[in-house]
Structures are given as structure tokens and as C-alpha cells.
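Colleague: This structure is in C-alpha cells; I'll ask about it shortly.
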Amino acid sequence: MISSNTVGSPAHDVDVIVIGLGPTGATAANLLGQRGIRAVVVERDISIYPRQRAIASDEDAHRVWQGLGLFDDMLATMSADVRVHFKNGDRTFLSMTSSESHGQGVPGMCYYHQPELERVLRQGIERYPTVTLMPGYDAVDLAQDEESVTVTLRPADGGPDRKITGRYLIACDGGSSSIRKLLGIALPGKHIEEPWFDIQLRAWYDLPVDAPLDFTFISDPRRPGVDCPCPMGYHRVEFRVNKGETVEQLQTEEGLRGLLAERGIDYDQVEIYRSWGYTFHIRQAEQWSKGRAFLAGDAAHIMPPFAGQGVSSGVRDVANLCWKLDAVLNAHADPSLLDTYEPERRPNVTKLTAFSLRIGKLVMLGNPTAVRLRDNVIRAAMLVPGLGPVITKNGLKPRYELGTKGGFFARTTRRRSPRGTFICQPWVVGSDLAPVRLDTVLNNNWTWIGFPSAPIPRALAEAGVHEVKLEYSSAIATHTVAPGHYVDSEGDVERQMRTSRAQGFLVRPDRFIYCSDRDITADDYARVASVVAGARLANYA
């Protein structure tokens, strides 16, 4: 697709080699291209994989894709108005909406047809002349030294092997990652033996993109499952394979008719795309990097599917890793910055894995007495003032916070320190009184954002940290928003600062708060300066 990659130094063909072009690898390619980093993306398949492996993403991924200028195109084939039901027979014991984004300024959980998502991501890569795609190659060997990574690639058509050398490598090649195996990194965890069966189909009608969907967890002990309507008429249903059944039997016309009838779907009114059996894996790599090679997405962690966090977790990984690679490659930051990748990301993966397992246990209860207790307890909890609305808005999902122990954050903290949490994304109004999203103003920079009582510290300004000057909402009423100043008209950032007892935040390029004005020390000025000076950060493209 792209052949305009600039020629690297004799020792390095490119700066970063990305292995795998699924959602994680394609997001990484866009992030690297946005930052002007020379990258090559290697993918085994020639074209986009047609099977719908993932169906959902959340606000964390959406905010990253928004920063790449791609999310509006994605929304054209996504459904953002999704209702999630837990049903036992004809009775619904829990219903939730999934649109809550917890202040991130983008829709919460969205559902999609994965090949459409990947199409938008790949088209996004075409904007960047520094990124080259290499479809039709397998990575079969890897060697490293103190300055580079060399990968041996074998073409799928049987041609001769070739080698590519880069400064760093990101393995986004899935749960069976060849790179992880070549690095000798173990993937401990557990394998759930209970087999499940997945049917991917398409109705003869097209469901409008803006139509509300009903995503149903079938919490019936006789046959638990999941019913997943998707945009563009696509639909997936998944069932547990019961004792005495085989995947081969269920794949016959008789087996498919019977399973679909359990969900009220007429076999003759739909087109069966694919059906397959699978089992669950719950694993995390023992380490997420070795030398100059890093694991991301399923190559680093395989999650149970119940919370729909596989794609979003991979996007979180590369969003964390790519700005740090940019700092090392373009701002000459110390490579030890890259050591903060795993300590910052692993805690979130661990929490989301546990959350997904809790949902799975809720769905797959097999004891009739336990099932009745579950249904009654949840229905009662929904009636408790204050608790019901939290559950309804999917408020039980762990909020995305980065691990601060071993991460790149202020070392000194005060009570209520916001470090390791993202800055919210409200609409803000500048001197032209036109509302824009805050991330447009932050523009992938290290940014000090504060009210007049907390101007940017001189040392940070001299280091090249960008400043966003906030004004209180009264400035809009008097039409006195000064050039370079912005008003958070709904007071979202103001409330976030009030909760932290702060007047200013230092925000990293990935929208996470390094510290507040209450935490920062002279040591932090030096640390931040070491990763900011000289960085090349492109605009939204």
C-alpha cells in the first residue's frame, strides 16, 4: 500500500518494526506515522481478515482514535447506542447502557463489524509517508544487539527470505505471537476447557447504524451464551457446547437451525458466514519486553471475552508505548523511559481481566439455586438508591488508571494526587468563541493546563512544555476570552482540579496527568525536560 518509506541509516532500515496489522498493530502504525517515525508493518495476510473476531471497543480506544483523526469515520459504521441485558429465560434481571465515557468526551462502548474498523485504520496509515506496509510475510527469526533488532521475514508465496533491521520492534501478532516465542517469553495462565460455539451471520436486512442494539448475555444454566447484533446487518450468537454435543454436529444445517431457533432466529432468513468452536484462554506474558522488542495486545495478554476488552486493551498498550518511543527517538530521551511501559499498563490489564471473569461467572452459573439467588440479589440491588444508576451505566467497570509504581510520574505525591489518571475532555471555548474538544488544544504535546493562579513553571516553559491557559466560565459571559486562553464552559476540568485540590495539571502526550501543581518538584522539572526537548509531534493530520 505504501512504498515511500525514507531510507534509514546503514544500520537501521527503519526506526520501528511492527509485526501484525490487526487493530493493535494498525493503531501503532498510525501513532508512529503521526509522529514522523520511520516504521514498517509486517503482516502475514495479504488482505483484511474477513472474520469478525472482535465486535466492541470502549472510550479509551475511541479517544486514541479521535486523536488520530479517524474516529468520525469509524462512527459511520459503528453503533454507539447499545443496551446490555442479562436474561434468564424470558426474565431480564439486569439491564445496562454502555454509552458512559466517564469524562473522556467520546462515546463509551461501541459495536462494529471488525473488517470495517480495520479498513479505516489502514486507510489512516496511507497519510504517512514514513510508514511502509509489508503484507504477505511471516516473521521467522529475530536477533538483537545493543542498538538494533533484525527480523527475518519469509514471504507467503515461497520467495526468498529477507531481513529488516530497526531500532525497536513492537509485536502485535496475536495470542500465538511468533515474536513472543522467538524471544523465549512464557505466556502463563489458564485454559478453560469448556467448549463454546460461535455463529457469524448476516440478516437479509440492514440494521440502521443509529438503531439501538440489544446485546444479550444469555444467563440460562441450561445453555449460557451471548447474542450480539452488530451494525450493517451482521450478527453473532455464541453458545456453550453442552455435554453430548460436538462442534461438528452443531455445524450441520440441523445443528445450526436448532441453535438459532433457541434465539428466535430463522435459519432461512439469514446468511451464515462462518461457524467455529473455541475455548477461553486467560494469560499474561511473564514480561512484556526483552531487549528492544515489546509485546502489545494479545501478544502480551489474552483476556476472557465477556467484557469486550481485547481490542481496547491493545490500543491502550500502543498509545502508552508509542509516545515513549517518540521521546526516545526524536527527543533523545533516555531509553530507560521505555521500562515504564509494562509497570504502567499491566495493572489495568489485570483489573479488566478480573472484571471480565466476574461477568463470565455471572453468566455461566450452572446451579439452579445459585441462579435464583443471583437473579434476586441483582434485582434487589437495582432498587437501592444511588446503586442502581451506577450499575445501569456500567459503572462497575474499572476506570482506566495507569500504574504509578515504576511509571513515569511525579515521585512525590500529596493526598488526592491525580497522577496516573487521564484528564477529562470537555468542550472548551477560545477567543473566537468556537467550541472545540480539549484534546484538539492539547495536540499530543506535553502540556501544562492551569488557571491564572497556576501559570506554567518557568523551567517547564523553557523545556518546551506547551501551556493551555484556563479561564473561568464568567469570561464567556463578558466575551473577554484572551487569545491563547480557553474556557471550560461546563466546568469539567475545574471540578477535576477541585477534587485534586489543584489549580494546574502537567499532562503527558497520552492525556494522562503526570502531576498537579501541588506535587511538582525541581526533580520533576529535570525529568520532564529530558523527555520533551526536541520531540517532533505532528498535528491531527
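As shown in the C-alpha cells, the chain order sets the letters A, B, ...; within each chain, residues go from 1, and ligands are also counted from 1 in the order they appear.
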Tell me which protein, DNA and RNA residues are within 8 Å of stretch 421-435 of chain A, counting only C-alpha atoms, leaving out same-chain ones fewer than 3 positions away, and put them as a list in words.
Modeller: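 Neighbouring residues, sequence-local ones excluded: Gly103, Gln104, Gly105, Tyr400, Glu401, Leu402, Pro418, Leu438, Asp439, Ile476, Thr480, Val481, Ala482, Pro483, Gly484, His485, Tyr486, Val487, Asp488, Ser489, Glu490, Asp492, Val493, Gln496, Val507, Arg511, Phe512 and Ile513 of chain A.
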Colleague: Which residues of stretch 342-394 of chain A come within 12 Å of stretch 276-299 of chain A, and what is each one's closest atom pair and distance in Å (one decimal), counting only C-alpha atoms, sorted by chain and residue number, as a tab-separated table?
Modeller:
```
residue	atom	partner	partner_atom	distance
A:Glu342	CA	A:Trp288	CA	6.2
A:Pro343	CA	A:Trp288	CA	9.6
A:Glu344	CA	A:Trp288	CA	11.4
A:Arg345	CA	A:Trp288	CA	9.8
A:Arg346	CA	A:Gln284	CA	8.9
A:Pro347	CA	A:Gln284	CA	11.3
A:Val349	CA	A:Gln284	CA	8.8
A:Thr350	CA	A:Gln284	CA	8.7
A:Leu352	CA	A:Ile282	CA	11.4
A:Thr353	CA	A:Ile282	CA	7.8
A:Ala354	CA	A:Ile282	CA	9.9
A:Ser356	CA	A:Ile282	CA	10.2
A:Leu357	CA	A:Ile282	CA	9.2
A:Gly360	CA	A:Phe280	CA	10.7
```
Colleague: Store the residues picked out above, limited to all heavy atoms, as a short mmCIF file (atom, residue, chain, number, x, y, z; two decimals), in the first residue's frame.
Modeller:
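Done, and the output landed in again_11.cif:
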```cif
data_model
loop_
_atom_site.label_atom_id
_atom_site.label_comp_id
_atom_site.auth_asym_id
_atom_site.auth_seq_id
_atom_site.Cartn_x
_atom_site.Cartn_y
_atom_site.Cartn_z
N GLU A 342 5.51 -1.49 30.82
CA GLU A 342 4.82 -2.60 31.49
C GLU A 342 4.30 -2.23 32.87
O GLU A 342 3.13 -2.54 33.19
CB GLU A 342 5.73 -3.82 31.57
CG GLU A 342 5.07 -5.02 32.22
CD GLU A 342 5.98 -6.23 32.30
OE1 GLU A 342 6.97 -6.29 31.52
OE2 GLU A 342 5.72 -7.12 33.13
N PRO A 343 5.08 -1.57 33.75
CA PRO A 343 4.54 -1.21 35.06
C PRO A 343 3.31 -0.31 34.99
O PRO A 343 2.44 -0.39 35.86
CB PRO A 343 5.71 -0.48 35.74
CG PRO A 343 6.92 -0.96 35.04
CD PRO A 343 6.51 -1.21 33.63
N GLU A 344 3.22 0.53 33.96
CA GLU A 344 2.05 1.39 33.84
C GLU A 344 0.84 0.63 33.31
O GLU A 344 -0.29 0.88 33.74
CB GLU A 344 2.36 2.57 32.91
CG GLU A 344 3.30 3.58 33.53
CD GLU A 344 3.52 4.80 32.67
OE1 GLU A 344 2.92 4.89 31.58
OE2 GLU A 344 4.28 5.69 33.10
N ARG A 345 1.04 -0.29 32.39
CA ARG A 345 -0.08 -0.94 31.72
C ARG A 345 -0.57 -2.22 32.38
O ARG A 345 -1.76 -2.51 32.36
CB ARG A 345 0.30 -1.25 30.26
CG ARG A 345 0.28 -0.08 29.35
CD ARG A 345 -1.17 0.41 29.10
NE ARG A 345 -1.96 -0.69 28.57
CZ ARG A 345 -3.14 -1.05 29.05
NH1 ARG A 345 -3.68 -0.42 30.09
NH2 ARG A 345 -3.80 -2.06 28.52
N ARG A 346 0.32 -3.02 32.97
CA ARG A 346 -0.10 -4.33 33.46
C ARG A 346 -1.21 -4.25 34.52
O ARG A 346 -2.15 -5.08 34.49
CB ARG A 346 1.10 -5.12 33.99
CG ARG A 346 0.73 -6.58 34.29
CD ARG A 346 1.88 -7.32 34.97
NE ARG A 346 2.93 -7.74 34.10
CZ ARG A 346 2.97 -8.92 33.47
NH1 ARG A 346 1.96 -9.76 33.60
NH2 ARG A 346 4.00 -9.23 32.71
N PRO A 347 -1.16 -3.29 35.47
CA PRO A 347 -2.24 -3.27 36.48
C PRO A 347 -3.63 -3.12 35.88
O PRO A 347 -4.59 -3.74 36.36
CB PRO A 347 -1.87 -2.07 37.36
CG PRO A 347 -0.39 -1.92 37.21
CD PRO A 347 -0.11 -2.28 35.78
N VAL A 349 -4.61 -4.14 32.87
CA VAL A 349 -4.96 -5.42 32.24
C VAL A 349 -5.41 -6.43 33.30
O VAL A 349 -6.39 -7.15 33.11
CB VAL A 349 -3.77 -5.96 31.44
CG1 VAL A 349 -4.01 -7.40 30.99
CG2 VAL A 349 -3.49 -5.07 30.23
N THR A 350 -4.72 -6.46 34.42
CA THR A 350 -5.08 -7.39 35.49
C THR A 350 -6.47 -7.10 36.03
O THR A 350 -7.29 -8.01 36.23
CB THR A 350 -4.04 -7.31 36.61
OG1 THR A 350 -2.75 -7.66 36.09
CG2 THR A 350 -4.38 -8.26 37.75
N LEU A 352 -8.98 -5.50 34.47
CA LEU A 352 -10.00 -5.77 33.47
C LEU A 352 -10.19 -7.27 33.25
O LEU A 352 -11.31 -7.72 32.96
CB LEU A 352 -9.65 -5.08 32.15
CG LEU A 352 -9.84 -3.57 32.15
CD1 LEU A 352 -9.27 -2.97 30.87
CD2 LEU A 352 -11.31 -3.20 32.29
N THR A 353 -9.13 -8.04 33.38
CA THR A 353 -9.27 -9.50 33.28
C THR A 353 -10.15 -10.02 34.39
O THR A 353 -11.05 -10.85 34.17
CB THR A 353 -7.89 -10.17 33.32
OG1 THR A 353 -7.10 -9.71 32.22
CG2 THR A 353 -8.02 -11.68 33.26
N ALA A 354 -9.92 -9.53 35.61
CA ALA A 354 -10.74 -9.95 36.75
C ALA A 354 -12.20 -9.53 36.55
O ALA A 354 -13.13 -10.28 36.86
CB ALA A 354 -10.19 -9.37 38.04
N SER A 356 -13.77 -9.05 33.66
CA SER A 356 -14.35 -9.90 32.64
C SER A 356 -14.70 -11.28 33.18
O SER A 356 -15.75 -11.85 32.86
CB SER A 356 -13.38 -10.03 31.46
OG SER A 356 -13.95 -10.75 30.40
N LEU A 357 -13.84 -11.81 34.03
CA LEU A 357 -14.14 -13.12 34.63
C LEU A 357 -15.36 -13.05 35.53
O LEU A 357 -16.15 -14.01 35.58
CB LEU A 357 -12.92 -13.61 35.43
CG LEU A 357 -11.77 -14.17 34.61
CD1 LEU A 357 -10.56 -14.45 35.50
CD2 LEU A 357 -12.20 -15.46 33.91
N GLY A 360 -18.27 -13.30 33.35
CA GLY A 360 -18.40 -14.68 32.88
C GLY A 360 -19.01 -15.59 33.93
O GLY A 360 -19.88 -16.42 33.63
#
```
Colleague: Near A:Ile48, counting only C-alpha atoms, which residues have an atom at most 10 Å away, once you skip same-chain residues fewer than 4 positions from it, shown as a list of chain:residue names?
Modeller: A:Leu21, A:Gly22, A:Glu43, A:Gln114, A:Pro115, A:Glu116, A:Glu118, A:Arg119, A:Arg122, A:Pro135
Colleague: For C-alpha atoms, I'd like the residues from the last selection saved as a PDB file, in the first residue's frame.
Modeller:
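Saved the output as result_29.pdb:
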```pdb
ATOM      1  CA  LEU A  21      -1.706  -5.391  11.292  1.00  0.00           C
ATOM      2  CA  GLY A  22      -4.807  -6.089  13.358  1.00  0.00           C
ATOM      3  CA  GLU A  43       1.524  -8.775   8.220  1.00  0.00           C
ATOM      4  CA  GLN A 114     -14.252  -5.606  12.579  1.00  0.00           C
ATOM      5  CA  PRO A 115     -13.249  -5.597   8.895  1.00  0.00           C
ATOM      6  CA  GLU A 116     -14.783  -2.096   8.621  1.00  0.00           C
ATOM      7  CA  GLU A 118      -9.582  -2.269  10.148  1.00  0.00           C
ATOM      8  CA  ARG A 119     -10.360  -0.656   6.789  1.00  0.00           C
ATOM      9  CA  ARG A 122      -5.409   1.011   7.234  1.00  0.00           C
ATOM     10  CA  PRO A 135       1.675  -7.815   3.686  1.00  0.00           C
TER      11      PRO A 135
END
```
Colleague: By how many Å are atom CA of A:Ala203 and atom CA of A:Arg51 apart?
Modeller: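 Atom CA of A:Ala203 sits 15.9 Å away from atom CA of A:Arg51.
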Colleague: Against stretch 172-181 of chain A, which residues of stretch 30-85 of chain A fall within 10 Å? For each one I want the closest pair of atoms and the distance in Å (one decimal), counting only C-alpha atoms, rows by chain and increasing residue number, as JSON lines.
Modeller:
```
{"residue": "A:Val41", "atom": "CA", "partner": "A:Cys172", "partner_atom": "CA", "distance": 9.8}
{"residue": "A:Val42", "atom": "CA", "partner": "A:Asp173", "partner_atom": "CA", "distance": 9.3}
{"residue": "A:Glu43", "atom": "CA", "partner": "A:Asp173", "partner_atom": "CA", "distance": 8.2}
{"residue": "A:Arg44", "atom": "CA", "partner": "A:Asp173", "partner_atom": "CA", "distance": 9.1}
```
Colleague: Which of stretch 204-331 of chain A counts as strand (DSSP E or B) under DSSP, as a PDB file with N, CA and C atoms, in the first residue's frame please?
Modeller:
```
ATOM      1  N   LEU A 213     -29.154  -1.103  19.776  1.00  0.00           N
ATOM      2  CA  LEU A 213     -28.959  -2.551  19.752  1.00  0.00           C
ATOM      3  C   LEU A 213     -29.235  -3.133  21.130  1.00  0.00           C
ATOM      4  N   ASP A 214     -29.588  -4.371  21.141  1.00  0.00           N
ATOM      5  CA  ASP A 214     -29.755  -5.097  22.397  1.00  0.00           C
ATOM      6  C   ASP A 214     -28.748  -6.233  22.420  1.00  0.00           C
ATOM      7  N   PHE A 215     -27.705  -6.043  23.223  1.00  0.00           N
ATOM      8  CA  PHE A 215     -26.671  -7.063  23.407  1.00  0.00           C
ATOM      9  C   PHE A 215     -27.095  -7.890  24.618  1.00  0.00           C
ATOM     10  N   THR A 216     -27.256  -9.190  24.436  1.00  0.00           N
ATOM     11  CA  THR A 216     -27.846 -10.013  25.489  1.00  0.00           C
ATOM     12  C   THR A 216     -26.890 -11.102  25.955  1.00  0.00           C
ATOM     13  N   PHE A 217     -26.635 -11.122  27.259  1.00  0.00           N
ATOM     14  CA  PHE A 217     -25.985 -12.262  27.885  1.00  0.00           C
ATOM     15  C   PHE A 217     -27.081 -13.257  28.255  1.00  0.00           C
ATOM     16  N   ILE A 218     -26.989 -14.444  27.677  1.00  0.00           N
ATOM     17  CA  ILE A 218     -27.987 -15.483  27.929  1.00  0.00           C
ATOM     18  C   ILE A 218     -27.549 -16.241  29.188  1.00  0.00           C
ATOM     19  N   GLY A 225     -24.961 -18.229  26.928  1.00  0.00           N
ATOM     20  CA  GLY A 225     -24.455 -17.759  25.644  1.00  0.00           C
ATOM     21  C   GLY A 225     -24.494 -16.250  25.551  1.00  0.00           C
ATOM     22  N   VAL A 226     -24.236 -15.765  24.353  1.00  0.00           N
ATOM     23  CA  VAL A 226     -24.212 -14.331  24.089  1.00  0.00           C
ATOM     24  C   VAL A 226     -24.871 -14.085  22.738  1.00  0.00           C
ATOM     25  N   ASP A 227     -25.738 -13.084  22.679  1.00  0.00           N
ATOM     26  CA  ASP A 227     -26.407 -12.685  21.442  1.00  0.00           C
ATOM     27  C   ASP A 227     -25.933 -11.280  21.110  1.00  0.00           C
ATOM     28  N   CYS A 228     -25.243 -11.125  19.970  1.00  0.00           N
ATOM     29  CA  CYS A 228     -24.545  -9.877  19.661  1.00  0.00           C
ATOM     30  C   CYS A 228     -24.981  -9.316  18.304  1.00  0.00           C
ATOM     31  N   PRO A 229     -26.056  -8.546  18.232  1.00  0.00           N
ATOM     32  CA  PRO A 229     -26.351  -7.841  16.978  1.00  0.00           C
ATOM     33  C   PRO A 229     -25.280  -6.789  16.725  1.00  0.00           C
ATOM     34  N   TYR A 234     -24.941  -7.399  10.480  1.00  0.00           N
ATOM     35  CA  TYR A 234     -24.173  -8.531  10.993  1.00  0.00           C
ATOM     36  C   TYR A 234     -24.671  -8.932  12.378  1.00  0.00           C
ATOM     37  N   HIS A 235     -24.448 -10.176  12.718  1.00  0.00           N
ATOM     38  CA  HIS A 235     -24.981 -10.719  13.966  1.00  0.00           C
ATOM     39  C   HIS A 235     -24.104 -11.901  14.388  1.00  0.00           C
ATOM     40  N   ARG A 236     -23.816 -11.957  15.667  1.00  0.00           N
ATOM     41  CA  ARG A 236     -23.106 -13.121  16.195  1.00  0.00           C
ATOM     42  C   ARG A 236     -23.880 -13.697  17.370  1.00  0.00           C
ATOM     43  N   VAL A 237     -23.941 -14.997  17.398  1.00  0.00           N
ATOM     44  CA  VAL A 237     -24.502 -15.689  18.557  1.00  0.00           C
ATOM     45  C   VAL A 237     -23.494 -16.737  18.998  1.00  0.00           C
ATOM     46  N   GLU A 238     -23.312 -16.841  20.290  1.00  0.00           N
ATOM     47  CA  GLU A 238     -22.337 -17.767  20.853  1.00  0.00           C
ATOM     48  C   GLU A 238     -23.013 -18.588  21.938  1.00  0.00           C
ATOM     49  N   PHE A 239     -22.713 -19.871  21.957  1.00  0.00           N
ATOM     50  CA  PHE A 239     -23.350 -20.790  22.887  1.00  0.00           C
ATOM     51  C   PHE A 239     -22.309 -21.699  23.522  1.00  0.00           C
ATOM     52  N   ARG A 240     -22.577 -22.128  24.724  1.00  0.00           N
ATOM     53  CA  ARG A 240     -21.777 -23.202  25.306  1.00  0.00           C
ATOM     54  C   ARG A 240     -22.148 -24.514  24.614  1.00  0.00           C
ATOM     55  N   VAL A 270     -31.514 -15.746   7.181  1.00  0.00           N
ATOM     56  CA  VAL A 270     -30.192 -15.169   7.401  1.00  0.00           C
ATOM     57  C   VAL A 270     -29.173 -15.881   6.521  1.00  0.00           C
ATOM     58  N   GLU A 271     -28.022 -15.248   6.385  1.00  0.00           N
ATOM     59  CA  GLU A 271     -26.896 -15.838   5.655  1.00  0.00           C
ATOM     60  C   GLU A 271     -25.828 -16.220   6.662  1.00  0.00           C
ATOM     61  N   ILE A 272     -25.492 -17.496   6.752  1.00  0.00           N
ATOM     62  CA  ILE A 272     -24.462 -17.964   7.669  1.00  0.00           C
ATOM     63  C   ILE A 272     -23.102 -17.707   7.028  1.00  0.00           C
ATOM     64  N   TYR A 273     -22.305 -16.848   7.657  1.00  0.00           N
ATOM     65  CA  TYR A 273     -20.969 -16.575   7.145  1.00  0.00           C
ATOM     66  C   TYR A 273     -19.990 -17.655   7.585  1.00  0.00           C
ATOM     67  N   ARG A 274     -19.942 -17.867   8.870  1.00  0.00           N
ATOM     68  CA  ARG A 274     -18.975 -18.814   9.424  1.00  0.00           C
ATOM     69  C   ARG A 274     -19.504 -19.349  10.734  1.00  0.00           C
ATOM     70  N   SER A 275     -18.995 -20.497  11.126  1.00  0.00           N
ATOM     71  CA  SER A 275     -19.249 -21.025  12.467  1.00  0.00           C
ATOM     72  C   SER A 275     -18.010 -21.789  12.896  1.00  0.00           C
ATOM     73  N   TRP A 276     -17.706 -21.737  14.176  1.00  0.00           N
ATOM     74  CA  TRP A 276     -16.488 -22.377  14.663  1.00  0.00           C
ATOM     75  C   TRP A 276     -16.599 -22.628  16.160  1.00  0.00           C
ATOM     76  N   GLY A 277     -15.811 -23.560  16.637  1.00  0.00           N
ATOM     77  CA  GLY A 277     -15.722 -23.822  18.064  1.00  0.00           C
ATOM     78  C   GLY A 277     -14.473 -23.186  18.645  1.00  0.00           C
ATOM     79  N   TYR A 278     -14.522 -22.864  19.925  1.00  0.00           N
ATOM     80  CA  TYR A 278     -13.355 -22.253  20.572  1.00  0.00           C
ATOM     81  C   TYR A 278     -13.429 -22.479  22.075  1.00  0.00           C
ATOM     82  N   THR A 279     -12.321 -22.255  22.734  1.00  0.00           N
ATOM     83  CA  THR A 279     -12.251 -22.287  24.198  1.00  0.00           C
ATOM     84  C   THR A 279     -11.576 -21.005  24.673  1.00  0.00           C
ATOM     85  N   PHE A 280     -11.743 -20.689  25.965  1.00  0.00           N
ATOM     86  CA  PHE A 280     -11.212 -19.447  26.510  1.00  0.00           C
ATOM     87  C   PHE A 280      -9.803 -19.634  27.047  1.00  0.00           C
ATOM     88  N   HIS A 281      -9.000 -18.578  26.871  1.00  0.00           N
ATOM     89  CA  HIS A 281      -7.667 -18.532  27.454  1.00  0.00           C
ATOM     90  C   HIS A 281      -7.565 -17.275  28.305  1.00  0.00           C
ATOM     91  N   ILE A 282      -6.896 -17.398  29.436  1.00  0.00           N
ATOM     92  CA  ILE A 282      -6.661 -16.249  30.315  1.00  0.00           C
ATOM     93  C   ILE A 282      -5.176 -16.263  30.638  1.00  0.00           C
ATOM     94  N   ARG A 283      -4.404 -15.416  29.950  1.00  0.00           N
ATOM     95  CA  ARG A 283      -2.954 -15.489  30.073  1.00  0.00           C
ATOM     96  C   ARG A 283      -2.329 -14.097  30.031  1.00  0.00           C
ATOM     97  N   GLN A 284      -1.194 -13.939  30.695  1.00  0.00           N
ATOM     98  CA  GLN A 284      -0.367 -12.748  30.584  1.00  0.00           C
ATOM     99  C   GLN A 284       1.083 -13.169  30.439  1.00  0.00           C
ATOM    100  N   SER A 289       8.517  -7.147  27.475  1.00  0.00           N
ATOM    101  CA  SER A 289       9.588  -6.684  26.602  1.00  0.00           C
ATOM    102  C   SER A 289      10.845  -7.496  26.876  1.00  0.00           C
ATOM    103  N   LYS A 290      11.709  -7.502  25.892  1.00  0.00           N
ATOM    104  CA  LYS A 290      13.007  -8.139  26.027  1.00  0.00           C
ATOM    105  C   LYS A 290      13.949  -7.426  25.073  1.00  0.00           C
ATOM    106  N   ALA A 293      12.618  -5.273  21.939  1.00  0.00           N
ATOM    107  CA  ALA A 293      11.345  -5.787  21.419  1.00  0.00           C
ATOM    108  C   ALA A 293      10.273  -5.716  22.503  1.00  0.00           C
ATOM    109  N   PHE A 294       9.071  -5.275  22.116  1.00  0.00           N
ATOM    110  CA  PHE A 294       7.967  -5.088  23.046  1.00  0.00           C
ATOM    111  C   PHE A 294       6.747  -5.866  22.562  1.00  0.00           C
ATOM    112  N   LEU A 295       5.990  -6.393  23.503  1.00  0.00           N
ATOM    113  CA  LEU A 295       4.744  -7.089  23.202  1.00  0.00           C
ATOM    114  C   LEU A 295       3.573  -6.160  23.466  1.00  0.00           C
ATOM    115  N   HIS A 301      -1.125 -10.263  26.398  1.00  0.00           N
ATOM    116  CA  HIS A 301      -2.164 -10.685  27.350  1.00  0.00           C
ATOM    117  C   HIS A 301      -3.397 -11.137  26.587  1.00  0.00           C
ATOM    118  N   ILE A 302      -3.917 -12.282  26.961  1.00  0.00           N
ATOM    119  CA  ILE A 302      -5.127 -12.829  26.346  1.00  0.00           C
ATOM    120  C   ILE A 302      -6.223 -12.788  27.399  1.00  0.00           C
TER     121      ILE A 302
END
```
Colleague: Calculate how many Å separate atom CA of A:Pro188 from atom CA of A:Pro305, rounding to one decimal.
Modeller: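 Between atom CA of A:Pro188 and atom CA of A:Pro305 the gap is 17.7 Å.
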Colleague: Excluding A:Lys361 and any residue of its chain fewer than 2 positions from it, enumerate the residues within 12 Å of it, using only C-alpha atoms, and give them as a ChimeraX atom specification.
Modeller: /A:217,219-221,224-225,304,306-307,354-359,363-367,370-371,374
Colleague: Could the residues in this selection be saved with C-alpha atoms as an mmCIF file, in the first residue's frame?
Modeller:
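Output contents, as saved in result-v1.cif:
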```cif
data_model
loop_
_atom_site.group_PDB
_atom_site.id
_atom_site.type_symbol
_atom_site.label_atom_id
_atom_site.label_comp_id
_atom_site.auth_asym_id
_atom_site.auth_seq_id
_atom_site.Cartn_x
_atom_site.Cartn_y
_atom_site.Cartn_z
ATOM 1 C CA PHE A 217 -25.985 -12.262 27.885
ATOM 2 C CA SER A 219 -27.644 -16.374 31.608
ATOM 3 C CA ASP A 220 -29.563 -19.639 31.406
ATOM 4 C CA PRO A 221 -27.893 -22.576 33.192
ATOM 5 C CA PRO A 224 -25.438 -19.906 28.577
ATOM 6 C CA GLY A 225 -24.455 -17.759 25.644
ATOM 7 C CA PRO A 304 -11.653 -13.666 28.501
ATOM 8 C CA PHE A 306 -17.058 -11.261 28.344
ATOM 9 C CA ALA A 307 -16.202 -7.568 28.843
ATOM 10 C CA ALA A 354 -10.744 -9.953 36.749
ATOM 11 C CA PHE A 355 -13.754 -7.824 35.760
ATOM 12 C CA SER A 356 -14.351 -9.900 32.635
ATOM 13 C CA LEU A 357 -14.135 -13.115 34.635
ATOM 14 C CA ARG A 358 -16.735 -11.793 37.096
ATOM 15 C CA ILE A 359 -19.113 -11.191 34.209
ATOM 16 C CA VAL A 363 -23.454 -15.559 33.059
ATOM 17 C CA MET A 364 -22.326 -19.167 33.383
ATOM 18 C CA LEU A 365 -23.739 -20.169 36.751
ATOM 19 C CA GLY A 366 -24.932 -23.756 36.489
ATOM 20 C CA ASN A 367 -26.529 -24.420 39.872
ATOM 21 C CA ALA A 370 -27.314 -20.111 42.762
ATOM 22 C CA VAL A 371 -29.029 -18.814 39.621
ATOM 23 C CA ARG A 374 -28.165 -14.251 41.565
#
```
Colleague: Could you pull out all residues of stretch 289-486 of chain A with a DSSP call of helix (DSSP H, G or I) and give them as a VMD selection string?
Modeller: chain A and resid 297 to 299 305 to 307 310 to 330 335 to 363 368 to 381 387 to 392 438 to 442 458 to 463 474 to 477
